[in-house]
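Chemist: Let me give you the structure first, and then I'll get to my questions.
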Amino acid sequence: MLTQVGPRERRKERLDRGLKVRTEGIYALSSGKEALYLLAPRLTLILGLLVLPLLMPNLYWQRVICIMGVFALLSLAFDFLANYVGLICLGGALFMGVGGYIAGILNSLFGMPLVVTIPAATVTGAVFSTVLLSPCFPLRGIYFAIVTLMYPLAASRIIEALDIFGGTEGMAGLDTLPNIWFASYSIIPVLLVSLFALRRLVTEDIGLVLRGLKDNDQAAKASGISITRYKAYSTFIASAIGCFSGAYLAHLYGWAGISLFALDFSILPIAASVIGGMGTLVGPVLGAFILIPLTELLRELGTLRIVLYSLLLAGFIVFKPEGLMTYAQRKYHQFEHWVEV
Amino acid sequence: MGILIYGIINSIVFALIAMGFALVYGISRLPNFAHGAFYILAGFLTYTFLFGLGLNSPASIILSLIIIAGIGATVYRFLLIRIRGMEASEIIASLAIGFAIMEGLRFAGFRGKTYTLPVFLEGTVRIAGVPVDFQRLIIIGVGVVLIVVLWLFTHHTKVGLALRAMAQDEGAALMLGIDTDFAALIALASGSVLAGLAAIVILPLGNITVETGYDILINAIAVCIIGGLGSWVGAVLASFILGFAQMLTVYIVGAQWQMVVALMAIILILIARPSGLLARQKELEERV
């Protein structure tokens, strides 16, 4: 970061904190302070999320928490695909819709209880979405983005045209989640588990392969790695997360319909990831927890909300592409001071 | 015969819609996801000038095209220029700009009642027994003229050749003294004008709604993918394929399948020929 001050030039120098070097570089903790340094951010997140539903004043805001969880999961899936595998999936709504519809069909046509439909929708939905997206695996970059953007749109058009699964009306009268505590304390553990599991996954060997695909897939191919297979794995993981959110939302509302394929479910997670910090996995969750309550607070503004979001999104990606989380991490791990050059 | 004539008209409509997107991507490698928004914005601008301010039609058309070009140039100069070459950012930023424009229009009150642009000339003629109105003939005329003009522009003028040089190898173009940032600015401005022009010619056939913007974006992308991104001949060919395919679907199956055809065509093409119909080897490497 260079700034011209008078005739002299100053530069912001960043150094890792001694504590960070000691705790992360040497794999042995020697003091409570070091343990706290490592645990504090993680515990804040976990406890914060677990306590959050208790703090909400009324049912309405407790439901907002559930919806926040849904969007946080979607953002997580988007961030994983975009920044660790290099697949920019603009069609998160496809996963939502597939999950929601499968849960809806199992529940309304076959009368299965929701403890069966949600896991079943997660797994079968993930398989189904992966198969649907498999023709796109040879693609990357903007081609993948374009095609995935179209999938949810086409899916809702096909359902309309065929007039299946309730057509434009959707399937109403699904089982709803028994009470709000069940609802919020089923999504938050799932969110935490998927977050930490994905964080672990990307540091494992497979995470290295996936990042290899992102950076240079020709090189990965030359090393004898099947691009298609690894893309299928990662799409399966991301779509399982997305399908779970879809099935969960369908049961939260007691309704599954075309609006599960709506553009909101594709765009808001992207906005959340960009604002929270792409490629950090925690950032998107944080972003969703900022954006969704904002949506609720600004409800009376109507479509102006989407304008504000889009401008915020464009502004962030152009002027502050690192996002909030990367910024916070930097402040936590490093100290900065000005030096003269 | 009806299918043939209306198929041709439909194809030209596709070509008009896709031309702006193809031009911008072909030159600056910038996927302009705000294309549909520019299209719909041009329609509403012209409507406002015509009926809100009471200008005559040539004045309002020219004015709105100038404004659209300005917007395209501004968006490039102040936003997109900073993220060129970063694919994910380009897509997300231009999509966000498109959303902002379209939902902004919706907020500004362009919804509910029907907005429609007047046709240039009233009346119909019969061609081989099929009634065709003048507006559709004008579309064909404008479309063909634009295709020819664009081809002449890019093959026989200095600016056009510079743009093509940049499309082929930006580094080399830069070395030979072509200001690539300026060229990309020109590309985005003219791409926006093309979107606006398409809107002004095509919109009189139906109503202007914000939702049209999304369909336009999808159609434009469909044409470009099928033809092979960056290949202009391919784009024209693809618009004829899509145009006729869609016309036949409407005749044989039903109008609600129109959009599905576009998507199916894309997926089929991607499976069969990942680089599009007329893309060259280089593009194949870039994509797959």
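Scheme for the structure tokens: letters A, B, ... for chains in order shown; per-chain residue numbers from 1; ligand numbers from 1 in order shown.
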Can you pull out every residue from range 33-190 of chain B that DSSP, working from the backbone, puts in alpha helix (DSSP H), and format the result as JSON, numbers by chain?
Modeler: {"B": [35, 36, 37, 38, 39, 40, 41, 42, 43, 44, 45, 46, 47, 57, 58, 59, 60, 61, 62, 63, 64, 65, 66, 67, 68, 69, 70, 71, 72, 73, 74, 75, 76, 77, 78, 87, 88, 89, 90, 91, 92, 93, 94, 95, 96, 97, 98, 99, 100, 101, 102, 103, 104, 105, 106, 107, 134, 135, 136, 137, 138, 139, 140, 141, 142, 143, 144, 145, 146, 147, 148, 149, 150, 151, 152, 153, 154, 155, 156, 158, 159, 160, 161, 162, 163, 164, 165, 166, 167, 168, 170, 171, 172, 173, 174, 175, 180, 181, 182, 183, 184, 185, 186, 187, 188, 189, 190]}
Chemist: Restricted to C-alpha atoms, what would the selected residues look like written as a short mmCIF file (atom, residue, chain, number, x, y, z; two decimals), in the first residue's frame?
Modeler:
```cif
data_model
loop_
_atom_site.label_atom_id
_atom_site.label_comp_id
_atom_site.auth_asym_id
_atom_site.auth_seq_id
_atom_site.Cartn_x
_atom_site.Cartn_y
_atom_site.Cartn_z
CA HIS B 35 -26.52 -6.64 -21.63
CA GLY B 36 -30.18 -7.36 -20.95
CA ALA B 37 -30.35 -4.40 -18.59
CA PHE B 38 -28.96 -2.05 -21.23
CA TYR B 39 -31.51 -3.39 -23.69
CA ILE B 40 -34.44 -2.77 -21.41
CA LEU B 41 -33.06 0.57 -20.23
CA ALA B 42 -32.90 1.79 -23.82
CA GLY B 43 -36.54 0.83 -24.28
CA PHE B 44 -37.67 2.72 -21.22
CA LEU B 45 -35.50 5.74 -22.04
CA THR B 46 -37.03 6.01 -25.47
CA TYR B 47 -40.47 5.61 -23.97
CA SER B 57 -39.13 9.82 -32.43
CA PRO B 58 -35.78 10.42 -34.20
CA ALA B 59 -34.70 12.81 -31.45
CA SER B 60 -35.67 10.43 -28.66
CA ILE B 61 -34.05 7.45 -30.33
CA ILE B 62 -30.78 9.26 -30.89
CA LEU B 63 -30.84 10.74 -27.41
CA SER B 64 -31.43 7.41 -25.71
CA LEU B 65 -28.71 5.72 -27.79
CA ILE B 66 -26.25 8.43 -26.76
CA ILE B 67 -27.21 7.99 -23.11
CA ILE B 68 -26.86 4.21 -23.34
CA ALA B 69 -23.44 4.57 -24.91
CA GLY B 70 -22.49 6.94 -22.11
CA ILE B 71 -23.67 4.51 -19.47
CA GLY B 72 -21.78 1.63 -21.06
CA ALA B 73 -18.61 3.71 -21.25
CA THR B 74 -19.00 4.95 -17.67
CA VAL B 75 -19.55 1.46 -16.32
CA TYR B 76 -16.42 0.28 -18.07
CA ARG B 77 -14.26 3.28 -17.19
CA PHE B 78 -15.09 3.40 -13.51
CA GLU B 87 -13.29 -13.79 -14.69
CA ALA B 88 -15.29 -14.33 -11.53
CA SER B 89 -15.21 -10.67 -10.65
CA GLU B 90 -16.17 -9.62 -14.18
CA ILE B 91 -19.19 -11.89 -14.18
CA ILE B 92 -20.37 -10.95 -10.71
CA ALA B 93 -19.80 -7.23 -11.13
CA SER B 94 -21.54 -6.95 -14.51
CA LEU B 95 -24.40 -9.13 -13.32
CA ALA B 96 -24.76 -6.90 -10.25
CA ILE B 97 -24.79 -3.78 -12.42
CA GLY B 98 -27.45 -5.36 -14.60
CA PHE B 99 -29.56 -6.21 -11.58
CA ALA B 100 -29.18 -2.71 -10.19
CA ILE B 101 -30.38 -1.20 -13.47
CA MET B 102 -33.32 -3.58 -13.93
CA GLU B 103 -34.57 -3.51 -10.36
CA GLY B 104 -33.97 0.24 -10.29
CA LEU B 105 -36.29 0.56 -13.29
CA ARG B 106 -38.84 -1.56 -11.50
CA PHE B 107 -38.54 0.68 -8.46
CA PHE B 134 -43.75 -3.23 -41.72
CA GLN B 135 -42.11 -3.27 -38.31
CA ARG B 136 -40.89 -6.84 -38.87
CA LEU B 137 -39.57 -5.85 -42.29
CA ILE B 138 -37.75 -2.97 -40.64
CA ILE B 139 -36.22 -5.44 -38.18
CA ILE B 140 -34.92 -7.53 -41.05
CA GLY B 141 -33.56 -4.41 -42.75
CA VAL B 142 -31.86 -3.06 -39.66
CA GLY B 143 -30.49 -6.46 -38.75
CA VAL B 144 -28.98 -7.12 -42.16
CA VAL B 145 -27.59 -3.59 -42.44
CA LEU B 146 -26.02 -3.86 -38.97
CA ILE B 147 -24.41 -7.20 -39.73
CA VAL B 148 -22.93 -5.81 -42.94
CA VAL B 149 -21.84 -2.53 -41.35
CA LEU B 150 -20.20 -4.34 -38.45
CA TRP B 151 -18.36 -6.64 -40.81
CA LEU B 152 -17.14 -3.70 -42.91
CA PHE B 153 -16.22 -1.77 -39.75
CA THR B 154 -14.12 -4.54 -38.29
CA HIS B 155 -12.47 -5.53 -41.53
CA HIS B 156 -11.88 -2.26 -43.33
CA LYS B 158 -8.55 1.45 -38.75
CA VAL B 159 -10.44 1.40 -35.46
CA GLY B 160 -12.13 -1.85 -36.37
CA LEU B 161 -8.86 -3.50 -37.27
CA ALA B 162 -7.39 -2.28 -33.99
CA LEU B 163 -10.29 -3.86 -32.16
CA ARG B 164 -9.77 -7.15 -33.94
CA ALA B 165 -6.07 -7.05 -33.26
CA MET B 166 -6.88 -6.66 -29.62
CA ALA B 167 -9.29 -9.54 -29.70
CA GLN B 168 -6.58 -11.77 -31.14
CA GLU B 170 -3.98 -8.07 -26.43
CA GLY B 171 -0.33 -8.00 -25.49
CA ALA B 172 0.85 -7.70 -29.07
CA ALA B 173 -1.76 -5.06 -29.79
CA LEU B 174 -0.54 -3.05 -26.83
CA MET B 175 3.02 -3.30 -28.14
CA THR B 180 -6.38 -1.44 -25.43
CA ASP B 181 -8.21 0.18 -22.55
CA PHE B 182 -9.62 2.77 -24.89
CA ALA B 183 -10.50 0.07 -27.41
CA ALA B 184 -12.35 -1.88 -24.74
CA LEU B 185 -14.16 1.30 -23.76
CA ILE B 186 -15.24 1.77 -27.37
CA ALA B 187 -16.28 -1.89 -27.50
CA LEU B 188 -18.49 -1.61 -24.43
CA ALA B 189 -20.00 1.68 -25.58
CA SER B 190 -20.81 0.30 -29.03
#
```
Chemist: Can I get the residues of chain A within 8 Å of chain B, each with the closest pair of atoms and their distance in Å to one decimal, using only C-alpha atoms, sorted chain first then ascending number, as a Markdown table?
Modeler:
```
| residue | atom | partner | partner_atom | distance |
| --- | --- | --- | --- | --- |
| A:Ile88 | CA | B:Ala88 | CA | 6.7 |
| A:Pro135 | CA | B:Ile271 | CA | 6.0 |
| A:Cys136 | CA | B:Leu270 | CA | 7.4 |
| A:Pro138 | CA | B:Val288 | CA | 5.4 |
| A:Leu139 | CA | B:Val288 | CA | 5.3 |
| A:Arg140 | CA | B:Arg287 | CA | 6.2 |
| A:Gly141 | CA | B:Glu87 | CA | 6.4 |
| A:Ile142 | CA | B:Glu87 | CA | 6.7 |
| A:Tyr143 | CA | B:Arg287 | CA | 7.4 |
| A:Ala145 | CA | B:Ile91 | CA | 8.0 |
| A:Ile146 | CA | B:Ile221 | CA | 7.4 |
| A:Val147 | CA | B:Ile266 | CA | 7.9 |
| A:Met150 | CA | B:Leu263 | CA | 7.0 |
| A:Tyr151 | CA | B:Leu263 | CA | 7.8 |
| A:Ala154 | CA | B:Val260 | CA | 5.8 |
| A:Arg157 | CA | B:Val260 | CA | 6.9 |
| A:Ile158 | CA | B:Val260 | CA | 6.7 |
| A:Glu160 | CA | B:Gln256 | CA | 8.0 |
| A:Ala161 | CA | B:Gln256 | CA | 5.6 |
| A:Ile270 | CA | B:Ile92 | CA | 7.9 |
| A:Gly302 | CA | B:Phe107 | CA | 7.7 |
| A:Thr303 | CA | B:Phe107 | CA | 5.7 |
| A:Leu304 | CA | B:Phe107 | CA | 5.9 |
| A:Ile306 | CA | B:Glu103 | CA | 6.5 |
| A:Val307 | CA | B:Ala100 | CA | 4.3 |
| A:Leu308 | CA | B:Ala100 | CA | 7.3 |
| A:Tyr309 | CA | B:Ala100 | CA | 8.0 |
| A:Ser310 | CA | B:Ala96 | CA | 4.6 |
| A:Leu311 | CA | B:Ala100 | CA | 6.3 |
| A:Leu313 | CA | B:Ala96 | CA | 6.5 |
| A:Ala314 | CA | B:Ala93 | CA | 4.8 |
| A:Ile317 | CA | B:Ser89 | CA | 6.4 |
| A:Val318 | CA | B:Leu79 | CA | 6.3 |
```
Chemist: Please report, as a list of chain:residue names, each residue of range 67-242 of chain B to which DSSP assigns strand (DSSP E or B) when run on this structure's backbone.
Modeler: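 Strand (DSSP E or B) assignments inside range 67-242 of chain B correspond to B:Tyr115, B:Thr124, B:Val125, B:Arg126, B:Ile127, B:Val130, B:Pro131, B:Val132, B:Asp133, B:Ile208.
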Chemist: I'd like the neighbourhood of Pro284 in chain A as a PyMOL selection string, where a residue qualifies if any of its atoms comes within 8 Å (using only C-alpha atoms), though same-chain residues fewer than 3 positions away should be ignored.
Modeler: chain A and resi 72+75-76+79+269+272-278+280-281+287-288
Chemist: I need the residues from that last selection saved to file as a compact mmCIF listing (two decimals), in the first residue's frame (with N, CA and C atoms), if you can.
Modeler:
```
# COMPACT_ATOMS: atom_id res chain seq x y z
N ALA A 72 -26.76 -18.85 4.63
CA ALA A 72 -25.37 -19.07 5.00
C ALA A 72 -24.86 -20.37 4.37
N SER A 75 -24.32 -19.80 0.70
CA SER A 75 -23.12 -19.01 0.45
C SER A 75 -21.88 -19.86 0.62
N LEU A 76 -21.92 -20.73 1.62
CA LEU A 76 -20.80 -21.62 1.87
C LEU A 76 -20.56 -22.50 0.64
N ASP A 79 -19.09 -20.41 -2.15
CA ASP A 79 -17.69 -20.06 -1.91
C ASP A 79 -16.78 -21.25 -2.15
N PRO A 269 -26.49 -15.40 -2.07
CA PRO A 269 -25.27 -16.06 -1.59
C PRO A 269 -24.01 -15.48 -2.21
N ALA A 272 -23.33 -12.35 -0.42
CA ALA A 272 -22.83 -12.65 0.93
C ALA A 272 -21.37 -13.07 0.87
N SER A 273 -21.00 -13.90 -0.12
CA SER A 273 -19.61 -14.34 -0.20
C SER A 273 -18.69 -13.18 -0.49
N VAL A 274 -19.10 -12.33 -1.41
CA VAL A 274 -18.22 -11.22 -1.79
C VAL A 274 -18.03 -10.28 -0.61
N ILE A 275 -19.12 -9.97 0.08
CA ILE A 275 -19.02 -9.03 1.19
C ILE A 275 -18.26 -9.66 2.35
N GLY A 276 -18.54 -10.94 2.60
CA GLY A 276 -17.88 -11.61 3.72
C GLY A 276 -16.43 -11.90 3.47
N GLY A 277 -16.07 -12.11 2.20
CA GLY A 277 -14.69 -12.42 1.90
C GLY A 277 -14.61 -13.75 1.18
N MET A 278 -14.31 -13.68 -0.14
CA MET A 278 -14.29 -14.90 -0.94
C MET A 278 -13.11 -15.76 -0.53
N THR A 280 -12.72 -17.64 2.11
CA THR A 280 -12.41 -17.86 3.52
C THR A 280 -13.36 -18.87 4.15
N LEU A 281 -14.44 -19.21 3.48
CA LEU A 281 -15.48 -20.12 3.96
C LEU A 281 -16.25 -19.56 5.17
N GLY A 287 -21.19 -13.00 5.96
CA GLY A 287 -21.89 -12.14 5.01
C GLY A 287 -23.38 -12.39 5.02
N ALA A 288 -23.77 -13.68 5.04
CA ALA A 288 -25.19 -14.00 5.06
C ALA A 288 -25.83 -13.49 6.34
```
Chemist: So that I can check the surroundings of Phe236 in chain A, please list as a ChimeraX atom specification every protein, DNA and RNA residue that reaches within 12 Å of it, counting only C-alpha atoms and ignoring chain neighbours fewer than 2 positions away.
Modeler: /A:77,80-81,95,122-134,228-234,238-244
Chemist: Excluding Gln329 in chain A and its own-chain neighbours fewer than 6 positions away, which residues fall within 12 Å of it when counting only C-alpha atoms? Please give them as a list in words.
Modeler: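 Surrounding residues, per the criterion: Asp16, Arg17, Lys20, Pro41, Gly276, Gly277, Thr280, Val282, Gly283, Glu322, Gly323 and Phe335 of chain A.
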Chemist: Using only N, CA and C atoms, please write the residues we just selected to a file, as a compact mmCIF listing (two decimals), in the first residue's frame.
Modeler:
```txt
# COMPACT_ATOMS: atom_id res chain seq x y z
N ASP A 16 3.48 -10.41 11.02
CA ASP A 16 2.70 -11.36 11.80
C ASP A 16 2.95 -11.12 13.28
N ARG A 17 1.90 -11.24 14.06
CA ARG A 17 2.08 -11.12 15.49
C ARG A 17 2.93 -12.28 16.00
N LYS A 20 0.98 -15.32 16.84
CA LYS A 20 0.53 -16.15 15.72
C LYS A 20 1.64 -17.08 15.29
N PRO A 41 -11.48 -17.07 18.15
CA PRO A 41 -12.35 -16.82 17.00
C PRO A 41 -13.33 -17.97 16.76
N GLY A 276 -18.54 -10.94 2.60
CA GLY A 276 -17.88 -11.61 3.72
C GLY A 276 -16.43 -11.90 3.47
N GLY A 277 -16.07 -12.11 2.20
CA GLY A 277 -14.69 -12.42 1.90
C GLY A 277 -14.61 -13.75 1.18
N THR A 280 -12.72 -17.64 2.11
CA THR A 280 -12.41 -17.86 3.52
C THR A 280 -13.36 -18.87 4.15
N VAL A 282 -15.56 -18.92 6.11
CA VAL A 282 -16.28 -18.32 7.23
C VAL A 282 -16.93 -17.02 6.75
N GLY A 283 -16.20 -16.31 5.91
CA GLY A 283 -16.68 -15.02 5.44
C GLY A 283 -18.09 -15.06 4.88
N GLU A 322 -11.33 -8.03 -1.15
CA GLU A 322 -10.91 -8.98 -0.12
C GLU A 322 -12.06 -9.33 0.82
N GLY A 323 -13.02 -8.42 0.99
CA GLY A 323 -14.16 -8.72 1.86
C GLY A 323 -13.86 -8.48 3.33
N PHE A 335 0.15 -7.01 12.84
CA PHE A 335 0.05 -5.59 13.17
C PHE A 335 0.70 -4.78 12.06
```
Chemist: I'd like to know which of A:Leu174, A:Ile188, A:Phe137, A:Glu296 is closest to Cys89 in chain A, using only C-alpha atoms.
Modeler: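 Among A:Leu174, A:Ile188, A:Phe137, A:Glu296, it is A:Phe137 that comes nearest to Cys89 in chain A.
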Chemist: Considering only C-alpha atoms, return as a ChimeraX atom specification whatever protein or nucleic-acid residues lie within 7 Å of Cys66 in chain A, sequence-local ones (same chain, fewer than 2 positions apart) excluded.
Modeler: /A:62-64,68-70,183-184,187
Chemist: For range 239-253 of chain B, work out the shell of residues within 12 Å, counting only C-alpha atoms and skipping chain neighbours fewer than 4 positions away, then give it as a compact mmCIF listing (two decimals) with N, CA and C atoms, in the first residue's frame.
Modeler:
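Dumped to selection-v1.txt:
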```
# COMPACT_ATOMS: atom_id res chain seq x y z
N ALA A 161 -44.31 -25.43 -17.87
CA ALA A 161 -44.79 -25.91 -19.16
C ALA A 161 -45.45 -27.28 -19.04
N LEU A 162 -44.84 -28.15 -18.21
CA LEU A 162 -45.39 -29.50 -18.07
C LEU A 162 -46.56 -29.53 -17.09
N GLY B 2 -45.15 -19.61 -44.04
CA GLY B 2 -45.22 -18.76 -42.86
C GLY B 2 -44.07 -19.03 -41.91
N ILE B 3 -43.81 -20.34 -41.72
CA ILE B 3 -42.71 -20.72 -40.82
C ILE B 3 -41.39 -20.16 -41.32
N LEU B 4 -41.19 -20.24 -42.65
CA LEU B 4 -39.94 -19.77 -43.23
C LEU B 4 -39.77 -18.28 -42.98
N ILE B 5 -40.83 -17.49 -43.33
CA ILE B 5 -40.69 -16.05 -43.21
C ILE B 5 -40.55 -15.62 -41.76
N TYR B 6 -41.43 -16.15 -40.91
CA TYR B 6 -41.33 -15.74 -39.52
C TYR B 6 -40.09 -16.32 -38.84
N GLY B 7 -39.62 -17.46 -39.32
CA GLY B 7 -38.36 -18.02 -38.83
C GLY B 7 -37.21 -17.08 -39.12
N ILE B 8 -37.21 -16.54 -40.35
CA ILE B 8 -36.13 -15.60 -40.70
C ILE B 8 -36.20 -14.37 -39.80
N ILE B 9 -37.44 -13.86 -39.62
CA ILE B 9 -37.58 -12.67 -38.77
C ILE B 9 -37.08 -12.96 -37.37
N ASN B 10 -37.52 -14.10 -36.84
CA ASN B 10 -37.11 -14.50 -35.49
C ASN B 10 -35.58 -14.61 -35.39
N SER B 11 -34.97 -15.16 -36.43
CA SER B 11 -33.52 -15.33 -36.41
C SER B 11 -32.83 -13.98 -36.40
N ILE B 12 -33.35 -13.04 -37.20
CA ILE B 12 -32.72 -11.72 -37.21
C ILE B 12 -32.86 -11.07 -35.84
N VAL B 13 -34.02 -11.29 -35.21
CA VAL B 13 -34.21 -10.76 -33.86
C VAL B 13 -33.13 -11.30 -32.93
N PHE B 14 -32.90 -12.60 -33.01
CA PHE B 14 -31.84 -13.22 -32.19
C PHE B 14 -30.48 -12.58 -32.49
N ALA B 15 -30.21 -12.41 -33.78
CA ALA B 15 -28.91 -11.86 -34.16
C ALA B 15 -28.75 -10.45 -33.60
N LEU B 16 -29.82 -9.65 -33.70
CA LEU B 16 -29.76 -8.29 -33.18
C LEU B 16 -29.47 -8.29 -31.68
N ILE B 17 -30.18 -9.18 -30.98
CA ILE B 17 -30.02 -9.23 -29.53
C ILE B 17 -28.60 -9.62 -29.16
N ALA B 18 -28.05 -10.58 -29.90
CA ALA B 18 -26.76 -11.15 -29.50
C ALA B 18 -25.58 -10.31 -29.94
N MET B 19 -25.81 -9.44 -30.95
CA MET B 19 -24.68 -8.75 -31.56
C MET B 19 -23.86 -7.95 -30.54
N ALA B 22 -21.87 -10.24 -28.30
CA ALA B 22 -20.77 -10.87 -29.05
C ALA B 22 -19.65 -9.87 -29.31
N GLY B 143 -31.37 -5.35 -39.10
CA GLY B 143 -30.49 -6.46 -38.75
C GLY B 143 -29.45 -6.71 -39.83
N ASN B 219 -31.02 -15.21 -24.08
CA ASN B 219 -30.98 -15.46 -25.53
C ASN B 219 -29.65 -15.04 -26.12
N ALA B 220 -29.16 -13.88 -25.68
CA ALA B 220 -27.89 -13.39 -26.22
C ALA B 220 -26.78 -14.39 -25.93
N ILE B 221 -26.76 -14.86 -24.68
CA ILE B 221 -25.71 -15.79 -24.29
C ILE B 221 -25.86 -17.11 -25.04
N ALA B 222 -27.13 -17.54 -25.20
CA ALA B 222 -27.37 -18.80 -25.91
C ALA B 222 -26.80 -18.72 -27.32
N VAL B 223 -27.10 -17.62 -28.01
CA VAL B 223 -26.60 -17.47 -29.39
C VAL B 223 -25.08 -17.51 -29.39
N CYS B 224 -24.47 -16.76 -28.46
CA CYS B 224 -23.01 -16.67 -28.48
C CYS B 224 -22.36 -18.00 -28.15
N ILE B 225 -22.94 -18.74 -27.21
CA ILE B 225 -22.34 -20.03 -26.86
C ILE B 225 -22.46 -21.01 -28.01
N ILE B 226 -23.65 -21.05 -28.60
CA ILE B 226 -23.85 -22.01 -29.67
C ILE B 226 -22.95 -21.69 -30.84
N GLY B 227 -22.82 -20.40 -31.16
CA GLY B 227 -21.97 -20.03 -32.28
C GLY B 227 -20.50 -20.12 -31.94
N GLY B 228 -20.18 -20.23 -30.68
CA GLY B 228 -18.78 -20.19 -30.28
C GLY B 228 -18.47 -18.76 -29.88
N TRP B 232 -17.99 -14.37 -34.92
CA TRP B 232 -19.16 -13.58 -35.32
C TRP B 232 -20.00 -14.29 -36.35
N VAL B 233 -19.33 -14.96 -37.28
CA VAL B 233 -20.07 -15.75 -38.26
C VAL B 233 -20.88 -16.81 -37.53
N GLY B 234 -20.23 -17.41 -36.53
CA GLY B 234 -20.90 -18.42 -35.73
C GLY B 234 -22.13 -17.86 -35.05
N ALA B 235 -22.02 -16.62 -34.56
CA ALA B 235 -23.15 -16.02 -33.86
C ALA B 235 -24.33 -15.85 -34.82
N TRP B 257 -42.75 -23.67 -24.43
CA TRP B 257 -41.48 -24.39 -24.51
C TRP B 257 -40.36 -23.57 -25.12
N GLN B 258 -40.67 -22.34 -25.58
CA GLN B 258 -39.67 -21.51 -26.26
C GLN B 258 -38.33 -21.43 -25.53
N MET B 259 -38.39 -21.08 -24.25
CA MET B 259 -37.17 -20.83 -23.50
C MET B 259 -36.41 -22.13 -23.26
N VAL B 260 -37.18 -23.21 -23.08
CA VAL B 260 -36.56 -24.51 -22.82
C VAL B 260 -35.68 -24.89 -24.01
N VAL B 261 -36.16 -24.56 -25.22
CA VAL B 261 -35.40 -24.91 -26.42
C VAL B 261 -34.03 -24.25 -26.39
N ALA B 262 -34.00 -22.97 -26.00
CA ALA B 262 -32.71 -22.27 -25.96
C ALA B 262 -31.75 -23.00 -25.03
N LEU B 263 -32.23 -23.38 -23.87
CA LEU B 263 -31.35 -24.04 -22.90
C LEU B 263 -30.91 -25.41 -23.38
N MET B 264 -31.87 -26.17 -23.91
CA MET B 264 -31.54 -27.51 -24.40
C MET B 264 -30.50 -27.41 -25.51
N ALA B 265 -30.67 -26.40 -26.39
CA ALA B 265 -29.71 -26.23 -27.48
C ALA B 265 -28.32 -26.01 -26.91
N ILE B 266 -28.24 -25.18 -25.88
CA ILE B 266 -26.92 -24.91 -25.29
C ILE B 266 -26.31 -26.18 -24.74
N ILE B 269 -25.22 -28.57 -27.49
CA ILE B 269 -24.02 -28.09 -28.17
C ILE B 269 -22.79 -28.29 -27.29
N LEU B 277 -20.12 -23.94 -32.51
CA LEU B 277 -20.13 -24.43 -33.89
C LEU B 277 -18.90 -23.98 -34.67
```
Chemist: What does the structure give for the distance between CA of Leu210 in chain A and CA of Pro321 in chain A, in Å to one decimal?
Modeler: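 Computing the Euclidean distance for CA of Leu210 in chain A and CA of Pro321 in chain A yields 22.1 Å.
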Chemist: Would you mind reading off the distance between CA of Leu87 in chain A and CA of Asp217 in chain A, one decimal, in Å?
Modeler: 11.5 Å
Chemist: Take CA of Pro113 in chain A and CA of Pro178 in chain A and report the distance between them in Å, one decimal.
Modeler: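 Spanning CA of Pro113 in chain A to CA of Pro178 in chain A is a straight-line distance of 11.3 Å.
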Chemist: Between A:Ile227, A:Ile258, A:Leu213, A:Ala35, which residue has the minimum interatomic distance to Glu169 in chain A, considering only C-alpha atoms?
Modeler: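 Result for the nearest residue to Glu169 in chain A: A:Ile258.
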